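Asker: One file: target-v8.txt (compact mmCIF, N, CA and C atoms).
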# COMPACT_ATOMS: atom_id res chain seq x y z
N MET X 1 -21.16 0.28 10.32
CA MET X 1 -20.23 1.11 9.59
C MET X 1 -19.09 0.28 8.99
N SER X 2 -18.65 -0.79 9.61
CA SER X 2 -17.46 -1.50 9.15
C SER X 2 -17.67 -2.24 7.83
N ALA X 3 -18.91 -2.48 7.41
CA ALA X 3 -19.15 -3.20 6.16
C ALA X 3 -19.17 -2.27 4.96
N ASN X 4 -19.12 -0.99 5.18
CA ASN X 4 -19.20 -0.02 4.09
C ASN X 4 -17.85 0.22 3.43
N PHE X 5 -17.91 0.47 2.13
CA PHE X 5 -16.74 0.84 1.35
C PHE X 5 -16.75 2.36 1.26
N PHE X 6 -15.65 3.00 1.64
CA PHE X 6 -15.56 4.45 1.63
C PHE X 6 -14.49 4.90 0.63
N TYR X 7 -14.54 6.17 0.31
CA TYR X 7 -13.54 6.79 -0.55
C TYR X 7 -13.07 8.08 0.10
N ARG X 8 -11.83 8.39 -0.15
CA ARG X 8 -11.28 9.70 0.21
C ARG X 8 -10.57 10.23 -1.01
N SER X 9 -10.73 11.52 -1.24
CA SER X 9 -10.04 12.13 -2.36
C SER X 9 -9.36 13.39 -1.89
N GLY X 10 -8.38 13.81 -2.66
CA GLY X 10 -7.67 15.02 -2.31
C GLY X 10 -6.79 15.46 -3.45
N PRO X 11 -6.11 16.57 -3.25
CA PRO X 11 -5.21 17.06 -4.29
C PRO X 11 -4.11 16.04 -4.53
N LEU X 12 -3.65 15.96 -5.74
CA LEU X 12 -2.60 15.03 -6.11
C LEU X 12 -1.27 15.58 -5.59
N GLU X 13 -0.90 15.12 -4.41
CA GLU X 13 0.39 15.51 -3.82
C GLU X 13 1.38 14.44 -4.22
N TYR X 14 2.23 14.75 -5.19
CA TYR X 14 3.17 13.73 -5.64
C TYR X 14 4.54 14.32 -5.83
N ARG X 15 5.50 13.42 -5.91
CA ARG X 15 6.86 13.81 -6.24
C ARG X 15 7.41 12.76 -7.21
N SER X 16 8.25 13.22 -8.09
CA SER X 16 8.85 12.32 -9.06
C SER X 16 9.80 11.36 -8.36
N THR X 17 9.82 10.12 -8.79
CA THR X 17 10.76 9.15 -8.24
C THR X 17 12.05 9.14 -9.03
N GLY X 18 12.06 9.83 -10.17
CA GLY X 18 13.22 9.83 -11.05
C GLY X 18 13.13 8.77 -12.13
N ALA X 19 12.22 7.82 -11.97
CA ALA X 19 12.02 6.78 -12.99
C ALA X 19 10.97 7.26 -13.99
N ASP X 20 11.05 6.74 -15.20
CA ASP X 20 10.06 7.09 -16.23
C ASP X 20 8.69 6.58 -15.83
N MET X 21 7.68 7.41 -16.02
CA MET X 21 6.28 7.07 -15.80
C MET X 21 6.00 6.54 -14.39
N GLU X 22 6.66 7.13 -13.40
CA GLU X 22 6.45 6.73 -12.00
C GLU X 22 6.38 7.97 -11.11
N VAL X 23 5.42 7.98 -10.20
CA VAL X 23 5.30 9.04 -9.22
C VAL X 23 5.08 8.42 -7.85
N ASP X 24 5.47 9.14 -6.84
CA ASP X 24 5.21 8.77 -5.45
C ASP X 24 4.17 9.74 -4.93
N LEU X 25 3.09 9.24 -4.34
CA LEU X 25 2.04 10.15 -3.92
C LEU X 25 1.48 9.80 -2.55
N SER X 26 0.90 10.81 -1.93
CA SER X 26 0.18 10.64 -0.68
C SER X 26 -1.19 10.06 -1.01
N ILE X 27 -1.57 8.96 -0.33
CA ILE X 27 -2.85 8.33 -0.63
C ILE X 27 -3.86 8.45 0.51
N SER X 28 -3.41 8.79 1.71
CA SER X 28 -4.35 9.01 2.82
C SER X 28 -3.63 9.70 3.96
N SER X 29 -4.43 10.26 4.88
CA SER X 29 -3.88 10.95 6.04
C SER X 29 -4.86 10.85 7.20
N GLU X 30 -4.50 11.48 8.30
CA GLU X 30 -5.36 11.49 9.48
C GLU X 30 -6.29 12.70 9.51
N THR X 31 -6.42 13.40 8.42
CA THR X 31 -7.33 14.53 8.35
C THR X 31 -8.76 14.04 8.53
N PRO X 32 -9.51 14.61 9.48
CA PRO X 32 -10.90 14.18 9.68
C PRO X 32 -11.77 14.47 8.45
N VAL X 33 -12.69 13.54 8.17
CA VAL X 33 -13.65 13.70 7.09
C VAL X 33 -15.04 13.58 7.68
N LYS X 34 -15.92 14.50 7.31
CA LYS X 34 -17.30 14.49 7.80
C LYS X 34 -18.08 13.40 7.05
N ARG X 35 -18.67 12.49 7.80
CA ARG X 35 -19.49 11.41 7.25
C ARG X 35 -20.88 11.51 7.84
N PHE X 36 -21.81 10.69 7.35
CA PHE X 36 -23.18 10.71 7.86
C PHE X 36 -23.24 10.34 9.33
N PHE X 37 -22.25 9.61 9.84
CA PHE X 37 -22.24 9.16 11.23
C PHE X 37 -21.39 10.06 12.13
N GLY X 38 -20.70 11.06 11.55
CA GLY X 38 -19.85 11.97 12.32
C GLY X 38 -18.49 12.10 11.67
N ASN X 39 -17.54 12.65 12.41
CA ASN X 39 -16.19 12.82 11.89
C ASN X 39 -15.46 11.48 11.88
N GLU X 40 -14.85 11.16 10.74
CA GLU X 40 -14.09 9.92 10.58
C GLU X 40 -12.61 10.27 10.47
N ILE X 41 -11.79 9.55 11.21
CA ILE X 41 -10.34 9.72 11.17
C ILE X 41 -9.72 8.35 10.92
N LEU X 42 -8.80 8.28 9.98
CA LEU X 42 -8.08 7.04 9.70
C LEU X 42 -6.75 7.09 10.43
N GLN X 43 -6.58 6.19 11.39
CA GLN X 43 -5.33 6.16 12.15
C GLN X 43 -4.21 5.61 11.27
N HIS X 44 -3.05 6.26 11.32
CA HIS X 44 -1.90 5.88 10.51
C HIS X 44 -0.73 5.51 11.41
N VAL X 45 -0.81 4.33 11.99
CA VAL X 45 0.26 3.78 12.81
C VAL X 45 0.47 2.33 12.38
N PRO X 46 1.65 1.75 12.63
CA PRO X 46 1.86 0.34 12.27
C PRO X 46 0.75 -0.54 12.88
N GLY X 47 0.23 -1.42 12.06
CA GLY X 47 -0.83 -2.32 12.49
C GLY X 47 -2.24 -1.82 12.23
N ALA X 48 -2.39 -0.53 11.95
CA ALA X 48 -3.73 0.01 11.70
C ALA X 48 -4.12 -0.12 10.24
N VAL X 49 -3.17 0.02 9.33
CA VAL X 49 -3.45 0.04 7.89
C VAL X 49 -3.01 -1.27 7.25
N ASP X 50 -3.91 -1.88 6.50
CA ASP X 50 -3.60 -3.09 5.75
C ASP X 50 -3.45 -2.72 4.28
N PHE X 51 -2.25 -2.86 3.75
CA PHE X 51 -1.96 -2.52 2.35
C PHE X 51 -2.06 -3.74 1.42
N SER X 52 -2.40 -4.90 1.93
CA SER X 52 -2.27 -6.15 1.17
C SER X 52 -3.16 -6.22 -0.08
N ARG X 53 -4.22 -5.45 -0.17
CA ARG X 53 -5.09 -5.48 -1.35
C ARG X 53 -4.81 -4.34 -2.32
N LEU X 54 -3.81 -3.54 -2.04
CA LEU X 54 -3.48 -2.40 -2.88
C LEU X 54 -2.46 -2.83 -3.93
N HIS X 55 -2.94 -3.09 -5.16
CA HIS X 55 -2.08 -3.61 -6.21
C HIS X 55 -2.05 -2.74 -7.46
N SER X 56 -3.22 -2.21 -7.85
CA SER X 56 -3.33 -1.52 -9.14
C SER X 56 -3.87 -0.11 -8.96
N ALA X 57 -3.41 0.79 -9.85
CA ALA X 57 -3.97 2.13 -9.94
C ALA X 57 -5.05 2.08 -11.01
N LEU X 58 -6.25 2.51 -10.65
CA LEU X 58 -7.41 2.41 -11.53
C LEU X 58 -7.89 3.79 -11.96
N LEU X 59 -8.53 3.84 -13.11
CA LEU X 59 -9.18 5.06 -13.56
C LEU X 59 -10.58 5.09 -12.98
N ASN X 60 -10.88 6.08 -12.15
CA ASN X 60 -12.20 6.25 -11.54
C ASN X 60 -12.67 5.00 -10.79
N HIS X 61 -11.76 4.30 -10.14
CA HIS X 61 -12.08 3.11 -9.34
C HIS X 61 -12.66 1.98 -10.17
N ASP X 62 -12.43 1.99 -11.46
CA ASP X 62 -12.96 0.98 -12.37
C ASP X 62 -11.91 -0.12 -12.58
N ALA X 63 -12.19 -1.32 -12.06
CA ALA X 63 -11.24 -2.43 -12.15
C ALA X 63 -10.98 -2.86 -13.59
N ASN X 64 -11.78 -2.41 -14.52
CA ASN X 64 -11.57 -2.74 -15.94
C ASN X 64 -10.61 -1.77 -16.63
N THR X 65 -10.23 -0.69 -15.94
CA THR X 65 -9.31 0.29 -16.53
C THR X 65 -8.12 0.48 -15.59
N ILE X 66 -7.13 -0.37 -15.76
CA ILE X 66 -5.93 -0.32 -14.93
C ILE X 66 -4.92 0.62 -15.58
N LEU X 67 -4.46 1.60 -14.80
CA LEU X 67 -3.49 2.58 -15.30
C LEU X 67 -2.05 2.15 -15.04
N GLY X 68 -1.87 1.30 -14.02
CA GLY X 68 -0.52 0.86 -13.67
C GLY X 68 -0.54 0.10 -12.36
N ARG X 69 0.66 -0.17 -11.86
CA ARG X 69 0.77 -0.93 -10.61
C ARG X 69 1.16 -0.01 -9.45
N VAL X 70 0.85 -0.47 -8.26
CA VAL X 70 1.20 0.25 -7.04
C VAL X 70 2.41 -0.45 -6.43
N ASP X 71 3.45 0.32 -6.16
CA ASP X 71 4.66 -0.18 -5.52
C ASP X 71 4.90 0.59 -4.22
N ASN X 72 5.60 -0.04 -3.32
CA ASN X 72 6.12 0.63 -2.13
C ASN X 72 5.05 1.36 -1.32
N ALA X 73 3.90 0.72 -1.09
CA ALA X 73 2.88 1.31 -0.22
C ALA X 73 3.40 1.23 1.21
N ARG X 74 3.28 2.37 1.93
CA ARG X 74 3.89 2.42 3.26
C ARG X 74 3.34 3.59 4.06
N LEU X 75 3.61 3.54 5.36
CA LEU X 75 3.32 4.68 6.22
C LEU X 75 4.51 5.63 6.16
N ASP X 76 4.21 6.91 6.14
CA ASP X 76 5.23 7.95 6.12
C ASP X 76 4.76 9.01 7.11
N GLY X 77 5.18 8.86 8.34
CA GLY X 77 4.65 9.73 9.39
C GLY X 77 3.19 9.41 9.60
N ARG X 78 2.34 10.41 9.58
CA ARG X 78 0.90 10.23 9.80
C ARG X 78 0.13 10.22 8.48
N LYS X 79 0.80 9.75 7.42
CA LYS X 79 0.18 9.59 6.10
C LYS X 79 0.53 8.23 5.55
N ALA X 80 -0.21 7.82 4.52
CA ALA X 80 0.16 6.65 3.73
C ALA X 80 0.61 7.16 2.37
N ARG X 81 1.67 6.56 1.84
CA ARG X 81 2.20 6.93 0.54
C ARG X 81 2.40 5.66 -0.28
N ALA X 82 2.46 5.83 -1.59
CA ALA X 82 2.74 4.72 -2.49
C ALA X 82 3.30 5.28 -3.79
N SER X 83 4.01 4.43 -4.52
CA SER X 83 4.48 4.78 -5.85
C SER X 83 3.56 4.15 -6.87
N ILE X 84 3.23 4.92 -7.90
CA ILE X 84 2.43 4.43 -9.01
C ILE X 84 3.35 4.35 -10.22
N VAL X 85 3.44 3.16 -10.81
CA VAL X 85 4.20 2.96 -12.04
C VAL X 85 3.17 2.78 -13.15
N PHE X 86 3.05 3.79 -14.01
CA PHE X 86 2.06 3.76 -15.07
C PHE X 86 2.46 2.75 -16.14
N ASP X 87 1.46 2.00 -16.64
CA ASP X 87 1.71 1.03 -17.70
C ASP X 87 2.06 1.73 -19.01
N ASP X 88 2.84 1.03 -19.82
CA ASP X 88 3.20 1.55 -21.14
C ASP X 88 2.16 1.08 -22.15
N ASP X 89 0.92 1.55 -21.95
CA ASP X 89 -0.17 1.28 -22.88
C ASP X 89 -0.97 2.57 -23.03
N THR X 90 -2.03 2.54 -23.79
CA THR X 90 -2.79 3.75 -24.07
C THR X 90 -3.27 4.45 -22.80
N GLU X 91 -3.90 3.70 -21.89
CA GLU X 91 -4.44 4.30 -20.66
C GLU X 91 -3.33 4.82 -19.76
N GLY X 92 -2.29 4.02 -19.57
CA GLY X 92 -1.19 4.42 -18.69
C GLY X 92 -0.46 5.65 -19.19
N ARG X 93 -0.16 5.67 -20.48
CA ARG X 93 0.54 6.84 -21.06
C ARG X 93 -0.33 8.09 -20.98
N ALA X 94 -1.64 7.93 -21.23
CA ALA X 94 -2.54 9.09 -21.15
C ALA X 94 -2.58 9.65 -19.73
N ALA X 95 -2.68 8.77 -18.74
CA ALA X 95 -2.71 9.23 -17.34
C ALA X 95 -1.39 9.89 -16.97
N TRP X 96 -0.27 9.30 -17.38
CA TRP X 96 1.04 9.87 -17.10
C TRP X 96 1.17 11.27 -17.71
N GLN X 97 0.71 11.43 -18.94
CA GLN X 97 0.77 12.74 -19.59
C GLN X 97 -0.07 13.77 -18.84
N LYS X 98 -1.21 13.36 -18.30
CA LYS X 98 -2.06 14.27 -17.53
C LYS X 98 -1.39 14.68 -16.22
N VAL X 99 -0.69 13.75 -15.59
CA VAL X 99 0.08 14.08 -14.38
C VAL X 99 1.17 15.09 -14.73
N GLN X 100 1.91 14.81 -15.79
CA GLN X 100 3.01 15.68 -16.21
C GLN X 100 2.54 17.08 -16.59
N SER X 101 1.39 17.17 -17.26
CA SER X 101 0.90 18.47 -17.71
C SER X 101 0.22 19.26 -16.59
N GLY X 102 -0.13 18.57 -15.51
CA GLY X 102 -0.82 19.24 -14.41
C GLY X 102 -2.33 19.22 -14.53
N SER X 103 -2.86 18.59 -15.57
CA SER X 103 -4.32 18.56 -15.71
C SER X 103 -4.97 17.51 -14.82
N LEU X 104 -4.22 16.49 -14.40
CA LEU X 104 -4.73 15.53 -13.41
C LEU X 104 -4.34 16.07 -12.04
N LYS X 105 -5.32 16.58 -11.32
CA LYS X 105 -5.05 17.32 -10.09
C LYS X 105 -5.47 16.61 -8.82
N GLY X 106 -6.09 15.42 -8.93
CA GLY X 106 -6.56 14.75 -7.73
C GLY X 106 -6.39 13.25 -7.81
N ALA X 107 -6.48 12.63 -6.66
CA ALA X 107 -6.43 11.17 -6.56
C ALA X 107 -7.38 10.77 -5.44
N SER X 108 -7.87 9.54 -5.52
CA SER X 108 -8.73 9.05 -4.46
C SER X 108 -8.39 7.60 -4.18
N VAL X 109 -8.77 7.17 -3.00
CA VAL X 109 -8.49 5.81 -2.55
C VAL X 109 -9.75 5.23 -1.94
N GLY X 110 -9.98 3.96 -2.20
CA GLY X 110 -11.09 3.26 -1.57
C GLY X 110 -10.58 2.45 -0.39
N TYR X 111 -11.43 2.30 0.62
CA TYR X 111 -11.01 1.56 1.82
C TYR X 111 -12.22 1.02 2.57
N VAL X 112 -11.94 0.05 3.42
CA VAL X 112 -12.95 -0.54 4.29
C VAL X 112 -12.44 -0.44 5.72
N ILE X 113 -13.31 -0.03 6.62
CA ILE X 113 -12.97 0.04 8.05
C ILE X 113 -13.40 -1.26 8.71
N HIS X 114 -12.45 -1.89 9.41
CA HIS X 114 -12.74 -3.14 10.11
C HIS X 114 -13.02 -2.92 11.60
N LYS X 115 -12.38 -1.90 12.16
CA LYS X 115 -12.53 -1.64 13.59
C LYS X 115 -12.34 -0.14 13.82
N PHE X 116 -13.16 0.41 14.69
CA PHE X 116 -13.01 1.83 15.01
C PHE X 116 -13.22 2.05 16.50
N ARG X 117 -12.80 3.21 16.93
CA ARG X 117 -13.00 3.63 18.32
C ARG X 117 -13.79 4.93 18.29
N GLU X 118 -14.90 4.95 19.01
CA GLU X 118 -15.72 6.15 19.08
C GLU X 118 -15.21 7.03 20.22
N LEU X 119 -14.99 8.29 19.88
CA LEU X 119 -14.60 9.28 20.88
C LEU X 119 -15.77 10.22 21.11
N LYS X 120 -16.20 10.32 22.33
CA LYS X 120 -17.30 11.22 22.68
C LYS X 120 -16.80 12.67 22.66
N ASN X 121 -17.72 13.60 22.69
CA ASN X 121 -17.40 15.02 22.67
C ASN X 121 -16.42 15.36 23.79
N GLY X 122 -15.28 15.92 23.44
CA GLY X 122 -14.27 16.32 24.41
C GLY X 122 -13.31 15.21 24.82
N GLU X 123 -13.60 13.98 24.49
CA GLU X 123 -12.72 12.86 24.83
C GLU X 123 -11.49 12.88 23.93
N THR X 124 -10.33 12.55 24.49
CA THR X 124 -9.11 12.47 23.71
C THR X 124 -8.52 11.06 23.84
N TRP X 125 -7.87 10.64 22.76
CA TRP X 125 -7.20 9.34 22.73
C TRP X 125 -6.14 9.36 21.64
N GLU X 126 -4.91 9.00 21.97
CA GLU X 126 -3.82 8.92 21.00
C GLU X 126 -3.65 10.20 20.18
N GLY X 127 -3.95 11.34 20.78
CA GLY X 127 -3.80 12.62 20.09
C GLY X 127 -5.02 13.05 19.30
N PHE X 128 -6.06 12.24 19.26
CA PHE X 128 -7.30 12.58 18.57
C PHE X 128 -8.30 13.09 19.58
N ARG X 129 -9.19 13.98 19.13
CA ARG X 129 -10.19 14.58 20.00
C ARG X 129 -11.58 14.36 19.43
N GLY X 130 -12.49 13.96 20.31
CA GLY X 130 -13.88 13.72 19.91
C GLY X 130 -14.68 14.99 19.88
N PRO X 131 -15.84 14.93 19.24
CA PRO X 131 -16.46 13.70 18.79
C PRO X 131 -15.85 13.23 17.47
N ALA X 132 -15.58 11.93 17.40
CA ALA X 132 -15.02 11.35 16.18
C ALA X 132 -15.08 9.84 16.26
N TYR X 133 -14.99 9.23 15.10
CA TYR X 133 -14.82 7.78 14.98
C TYR X 133 -13.44 7.58 14.38
N VAL X 134 -12.54 6.94 15.14
CA VAL X 134 -11.18 6.72 14.69
C VAL X 134 -11.06 5.28 14.20
N ALA X 135 -10.76 5.13 12.91
CA ALA X 135 -10.55 3.79 12.34
C ALA X 135 -9.20 3.29 12.83
N THR X 136 -9.21 2.24 13.66
CA THR X 136 -7.99 1.70 14.23
C THR X 136 -7.50 0.47 13.47
N ARG X 137 -8.34 -0.04 12.58
CA ARG X 137 -7.96 -1.16 11.69
C ARG X 137 -8.75 -0.99 10.40
N TRP X 138 -8.04 -0.79 9.29
CA TRP X 138 -8.70 -0.55 8.01
C TRP X 138 -7.81 -1.01 6.87
N SER X 139 -8.45 -1.29 5.73
CA SER X 139 -7.74 -1.81 4.56
C SER X 139 -7.94 -0.88 3.37
N ILE X 140 -6.83 -0.58 2.70
CA ILE X 140 -6.88 0.21 1.47
C ILE X 140 -7.11 -0.74 0.30
N TYR X 141 -8.01 -0.35 -0.60
CA TYR X 141 -8.27 -1.12 -1.81
C TYR X 141 -7.84 -0.32 -3.01
Take the structure in this file and express it as structure tokens.
Answerer:
Amino acid sequence: MSANFFYRSGPLEYRSTGADMEVDLSISSETPVKRFFGNEILQHVPGAVDFSRLHSALLNHDANTILGRVDNARLDGRKARASIVFDDDTEGRAAWQKVQSGSLKGASVGYVIHKFRELKNGETWEGFRGPAYVATRWSIY
């Protein structure tokens, strides 16, 4: 499981930062996701999430279509948040306009799990309940 690249998507939960063409958004949480191997939970505590590869906001995960840069990636309670500063070019302005108009309603993040803890049925650990696979070390891309 740790060699696989996964995606999570959800509603675009964002707030304006007050700067032009910039939003702050939730990029992940501890909400369980059903996978082929069972329920997957991404732990959101210091040391669990590696933000070092999170640099650019992409259109449909396509590295050839950069919409802007990612700033201030961080843990915020049991979620990860980041600010997206849209580029002042055709793609960035178009994406920003879609956010402003409300037609862009979702966001997704890619990640790799490096280490996980399997919880058997009924087992609890750190507030999580099995059956589940809790990613205890993972990287956002």
Asker: Around the point (2.9, 7.1, -18.4), in the coordinates given by the file, pick out the residues reaching within 6.5 Å, counting all atoms listed in the file, and return them as a tab-separated table (two decimals) with N, CA and C atoms, keeping the file's coordinate frame.
Answerer:
chain	number	residue	atom	x	y	z
X	20	ASP	N	11.05	6.74	-15.20
X	20	ASP	CA	10.06	7.09	-16.23
X	20	ASP	C	8.69	6.58	-15.83
X	21	MET	N	7.68	7.41	-16.02
X	21	MET	CA	6.28	7.07	-15.80
X	21	MET	C	6.00	6.54	-14.39
X	22	GLU	N	6.66	7.13	-13.40
X	22	GLU	CA	6.45	6.73	-12.00
X	22	GLU	C	6.38	7.97	-11.11
X	86	PHE	N	3.05	3.79	-14.01
X	86	PHE	CA	2.06	3.76	-15.07
X	86	PHE	C	2.46	2.75	-16.14
X	87	ASP	N	1.46	2.00	-16.64
X	87	ASP	CA	1.71	1.03	-17.70
X	87	ASP	C	2.06	1.73	-19.01
X	88	ASP	N	2.84	1.03	-19.82
X	88	ASP	CA	3.20	1.55	-21.14
X	88	ASP	C	2.16	1.08	-22.15
X	92	GLY	N	-2.29	4.02	-19.57
X	92	GLY	CA	-1.19	4.42	-18.69
X	92	GLY	C	-0.46	5.65	-19.19
X	93	ARG	N	-0.16	5.67	-20.48
X	93	ARG	CA	0.54	6.84	-21.06
X	93	ARG	C	-0.33	8.09	-20.98
X	94	ALA	N	-1.64	7.93	-21.23
X	94	ALA	CA	-2.54	9.09	-21.15
X	94	ALA	C	-2.58	9.65	-19.73
X	95	ALA	N	-2.68	8.77	-18.74
X	95	ALA	CA	-2.71	9.23	-17.34
X	95	ALA	C	-1.39	9.89	-16.97
X	96	TRP	N	-0.27	9.30	-17.38
X	96	TRP	CA	1.04	9.87	-17.10
X	96	TRP	C	1.17	11.27	-17.71
X	97	GLN	N	0.71	11.43	-18.94
X	97	GLN	CA	0.77	12.74	-19.59
X	97	GLN	C	-0.07	13.77	-18.84
Asker: Give me the residues near stretch 45-58 of chain X as a PyMOL selection string, where near means some atom within 6.5 Å (using all atoms listed in the file) and where sequence neighbours in that chain fewer than 5 positions away do not count.
Answerer: chain X and resi 63+65-71+135-141
Asker: Suppose we keep N, CA and C atoms; can you now write the selection as a PDB file, in the frame of the given file?
Answerer:
ATOM      1  N   ALA X  63     -12.190  -1.320 -12.060  1.00  0.00           N
ATOM      2  CA  ALA X  63     -11.240  -2.430 -12.150  1.00  0.00           C
ATOM      3  C   ALA X  63     -10.980  -2.860 -13.590  1.00  0.00           C
ATOM      4  N   THR X  65     -10.230  -0.690 -15.940  1.00  0.00           N
ATOM      5  CA  THR X  65      -9.310   0.290 -16.530  1.00  0.00           C
ATOM      6  C   THR X  65      -8.120   0.480 -15.590  1.00  0.00           C
ATOM      7  N   ILE X  66      -7.130  -0.370 -15.760  1.00  0.00           N
ATOM      8  CA  ILE X  66      -5.930  -0.320 -14.930  1.00  0.00           C
ATOM      9  C   ILE X  66      -4.920   0.620 -15.580  1.00  0.00           C
ATOM     10  N   LEU X  67      -4.460   1.600 -14.800  1.00  0.00           N
ATOM     11  CA  LEU X  67      -3.490   2.580 -15.300  1.00  0.00           C
ATOM     12  C   LEU X  67      -2.050   2.150 -15.040  1.00  0.00           C
ATOM     13  N   GLY X  68      -1.870   1.300 -14.020  1.00  0.00           N
ATOM     14  CA  GLY X  68      -0.520   0.860 -13.670  1.00  0.00           C
ATOM     15  C   GLY X  68      -0.540   0.100 -12.360  1.00  0.00           C
ATOM     16  N   ARG X  69       0.660  -0.170 -11.860  1.00  0.00           N
ATOM     17  CA  ARG X  69       0.770  -0.930 -10.610  1.00  0.00           C
ATOM     18  C   ARG X  69       1.160  -0.010  -9.450  1.00  0.00           C
ATOM     19  N   VAL X  70       0.850  -0.470  -8.260  1.00  0.00           N
ATOM     20  CA  VAL X  70       1.200   0.250  -7.040  1.00  0.00           C
ATOM     21  C   VAL X  70       2.410  -0.450  -6.430  1.00  0.00           C
ATOM     22  N   ASP X  71       3.450   0.320  -6.160  1.00  0.00           N
ATOM     23  CA  ASP X  71       4.660  -0.180  -5.520  1.00  0.00           C
ATOM     24  C   ASP X  71       4.900   0.590  -4.220  1.00  0.00           C
ATOM     25  N   ALA X 135     -10.760   5.130  12.910  1.00  0.00           N
ATOM     26  CA  ALA X 135     -10.550   3.790  12.340  1.00  0.00           C
ATOM     27  C   ALA X 135      -9.200   3.290  12.830  1.00  0.00           C
ATOM     28  N   THR X 136      -9.210   2.240  13.660  1.00  0.00           N
ATOM     29  CA  THR X 136      -7.990   1.700  14.230  1.00  0.00           C
ATOM     30  C   THR X 136      -7.500   0.470  13.470  1.00  0.00           C
ATOM     31  N   ARG X 137      -8.340  -0.040  12.580  1.00  0.00           N
ATOM     32  CA  ARG X 137      -7.960  -1.160  11.690  1.00  0.00           C
ATOM     33  C   ARG X 137      -8.750  -0.990  10.400  1.00  0.00           C
ATOM     34  N   TRP X 138      -8.040  -0.790   9.290  1.00  0.00           N
ATOM     35  CA  TRP X 138      -8.700  -0.550   8.010  1.00  0.00           C
ATOM     36  C   TRP X 138      -7.810  -1.010   6.870  1.00  0.00           C
ATOM     37  N   SER X 139      -8.450  -1.290   5.730  1.00  0.00           N
ATOM     38  CA  SER X 139      -7.740  -1.810   4.560  1.00  0.00           C
ATOM     39  C   SER X 139      -7.940  -0.880   3.370  1.00  0.00           C
ATOM     40  N   ILE X 140      -6.830  -0.580   2.700  1.00  0.00           N
ATOM     41  CA  ILE X 140      -6.880   0.210   1.470  1.00  0.00           C
ATOM     42  C   ILE X 140      -7.110  -0.740   0.300  1.00  0.00           C
ATOM     43  N   TYR X 141      -8.010  -0.350  -0.600  1.00  0.00           N
ATOM     44  CA  TYR X 141      -8.270  -1.120  -1.810  1.00  0.00           C
ATOM     45  C   TYR X 141      -7.840  -0.320  -3.010  1.00  0.00           C
TER      46      TYR X 141
END
Asker: May I have all residues of chain X that DSSP, computed from the backbone, assigns to alpha helix (DSSP H), given as a ChimeraX atom specification?
Answerer: /X:90-101
Asker: Just write the chosen residues, N, CA and C atoms, as a PDB file, in the frame of the given file.
Answerer:
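Result went into part24.pdb, see below:
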ATOM      1  N   THR X  90      -2.030   2.540 -23.790  1.00  0.00           N
ATOM      2  CA  THR X  90      -2.790   3.750 -24.070  1.00  0.00           C
ATOM      3  C   THR X  90      -3.270   4.450 -22.800  1.00  0.00           C
ATOM      4  N   GLU X  91      -3.900   3.700 -21.890  1.00  0.00           N
ATOM      5  CA  GLU X  91      -4.440   4.300 -20.660  1.00  0.00           C
ATOM      6  C   GLU X  91      -3.330   4.820 -19.760  1.00  0.00           C
ATOM      7  N   GLY X  92      -2.290   4.020 -19.570  1.00  0.00           N
ATOM      8  CA  GLY X  92      -1.190   4.420 -18.690  1.00  0.00           C
ATOM      9  C   GLY X  92      -0.460   5.650 -19.190  1.00  0.00           C
ATOM     10  N   ARG X  93      -0.160   5.670 -20.480  1.00  0.00           N
ATOM     11  CA  ARG X  93       0.540   6.840 -21.060  1.00  0.00           C
ATOM     12  C   ARG X  93      -0.330   8.090 -20.980  1.00  0.00           C
ATOM     13  N   ALA X  94      -1.640   7.930 -21.230  1.00  0.00           N
ATOM     14  CA  ALA X  94      -2.540   9.090 -21.150  1.00  0.00           C
ATOM     15  C   ALA X  94      -2.580   9.650 -19.730  1.00  0.00           C
ATOM     16  N   ALA X  95      -2.680   8.770 -18.740  1.00  0.00           N
ATOM     17  CA  ALA X  95      -2.710   9.230 -17.340  1.00  0.00           C
ATOM     18  C   ALA X  95      -1.390   9.890 -16.970  1.00  0.00           C
ATOM     19  N   TRP X  96      -0.270   9.300 -17.380  1.00  0.00           N
ATOM     20  CA  TRP X  96       1.040   9.870 -17.100  1.00  0.00           C
ATOM     21  C   TRP X  96       1.170  11.270 -17.710  1.00  0.00           C
ATOM     22  N   GLN X  97       0.710  11.430 -18.940  1.00  0.00           N
ATOM     23  CA  GLN X  97       0.770  12.740 -19.590  1.00  0.00           C
ATOM     24  C   GLN X  97      -0.070  13.770 -18.840  1.00  0.00           C
ATOM     25  N   LYS X  98      -1.210  13.360 -18.300  1.00  0.00           N
ATOM     26  CA  LYS X  98      -2.060  14.270 -17.530  1.00  0.00           C
ATOM     27  C   LYS X  98      -1.390  14.680 -16.220  1.00  0.00           C
ATOM     28  N   VAL X  99      -0.690  13.750 -15.590  1.00  0.00           N
ATOM     29  CA  VAL X  99       0.080  14.080 -14.380  1.00  0.00           C
ATOM     30  C   VAL X  99       1.170  15.090 -14.730  1.00  0.00           C
ATOM     31  N   GLN X 100       1.910  14.810 -15.790  1.00  0.00           N
ATOM     32  CA  GLN X 100       3.010  15.680 -16.210  1.00  0.00           C
ATOM     33  C   GLN X 100       2.540  17.080 -16.590  1.00  0.00           C
ATOM     34  N   SER X 101       1.390  17.170 -17.260  1.00  0.00           N
ATOM     35  CA  SER X 101       0.900  18.470 -17.710  1.00  0.00           C
ATOM     36  C   SER X 101       0.220  19.260 -16.590  1.00  0.00           C
TER      37      SER X 101
END
Asker: What are the closest atom pairs, with distances in Å to one decimal, for all residues of stretch 10-52 of chain X lying within 6 Å of stretch 76-84 of chain X? Consider only N, CA and C atoms, order rows by chain and residue number, and present the result as CSV.
Answerer:
residue,atom,partner,partner_atom,distance
X:Met21,C,X:Ile84,C,5.4
X:Glu22,CA,X:Ile84,C,4.3
X:Val23,C,X:Ile84,N,4.0
X:Asp24,CA,X:Ser83,CA,4.1
X:Leu25,N,X:Ala82,C,4.0
X:Ser26,CA,X:Arg81,CA,4.4
X:Ile27,N,X:Ala80,C,3.9
X:Ser28,C,X:Ala80,N,3.9
X:Ser29,CA,X:Lys79,CA,4.3
X:Glu30,N,X:Arg78,C,4.8
X:His44,CA,X:Arg78,C,5.2
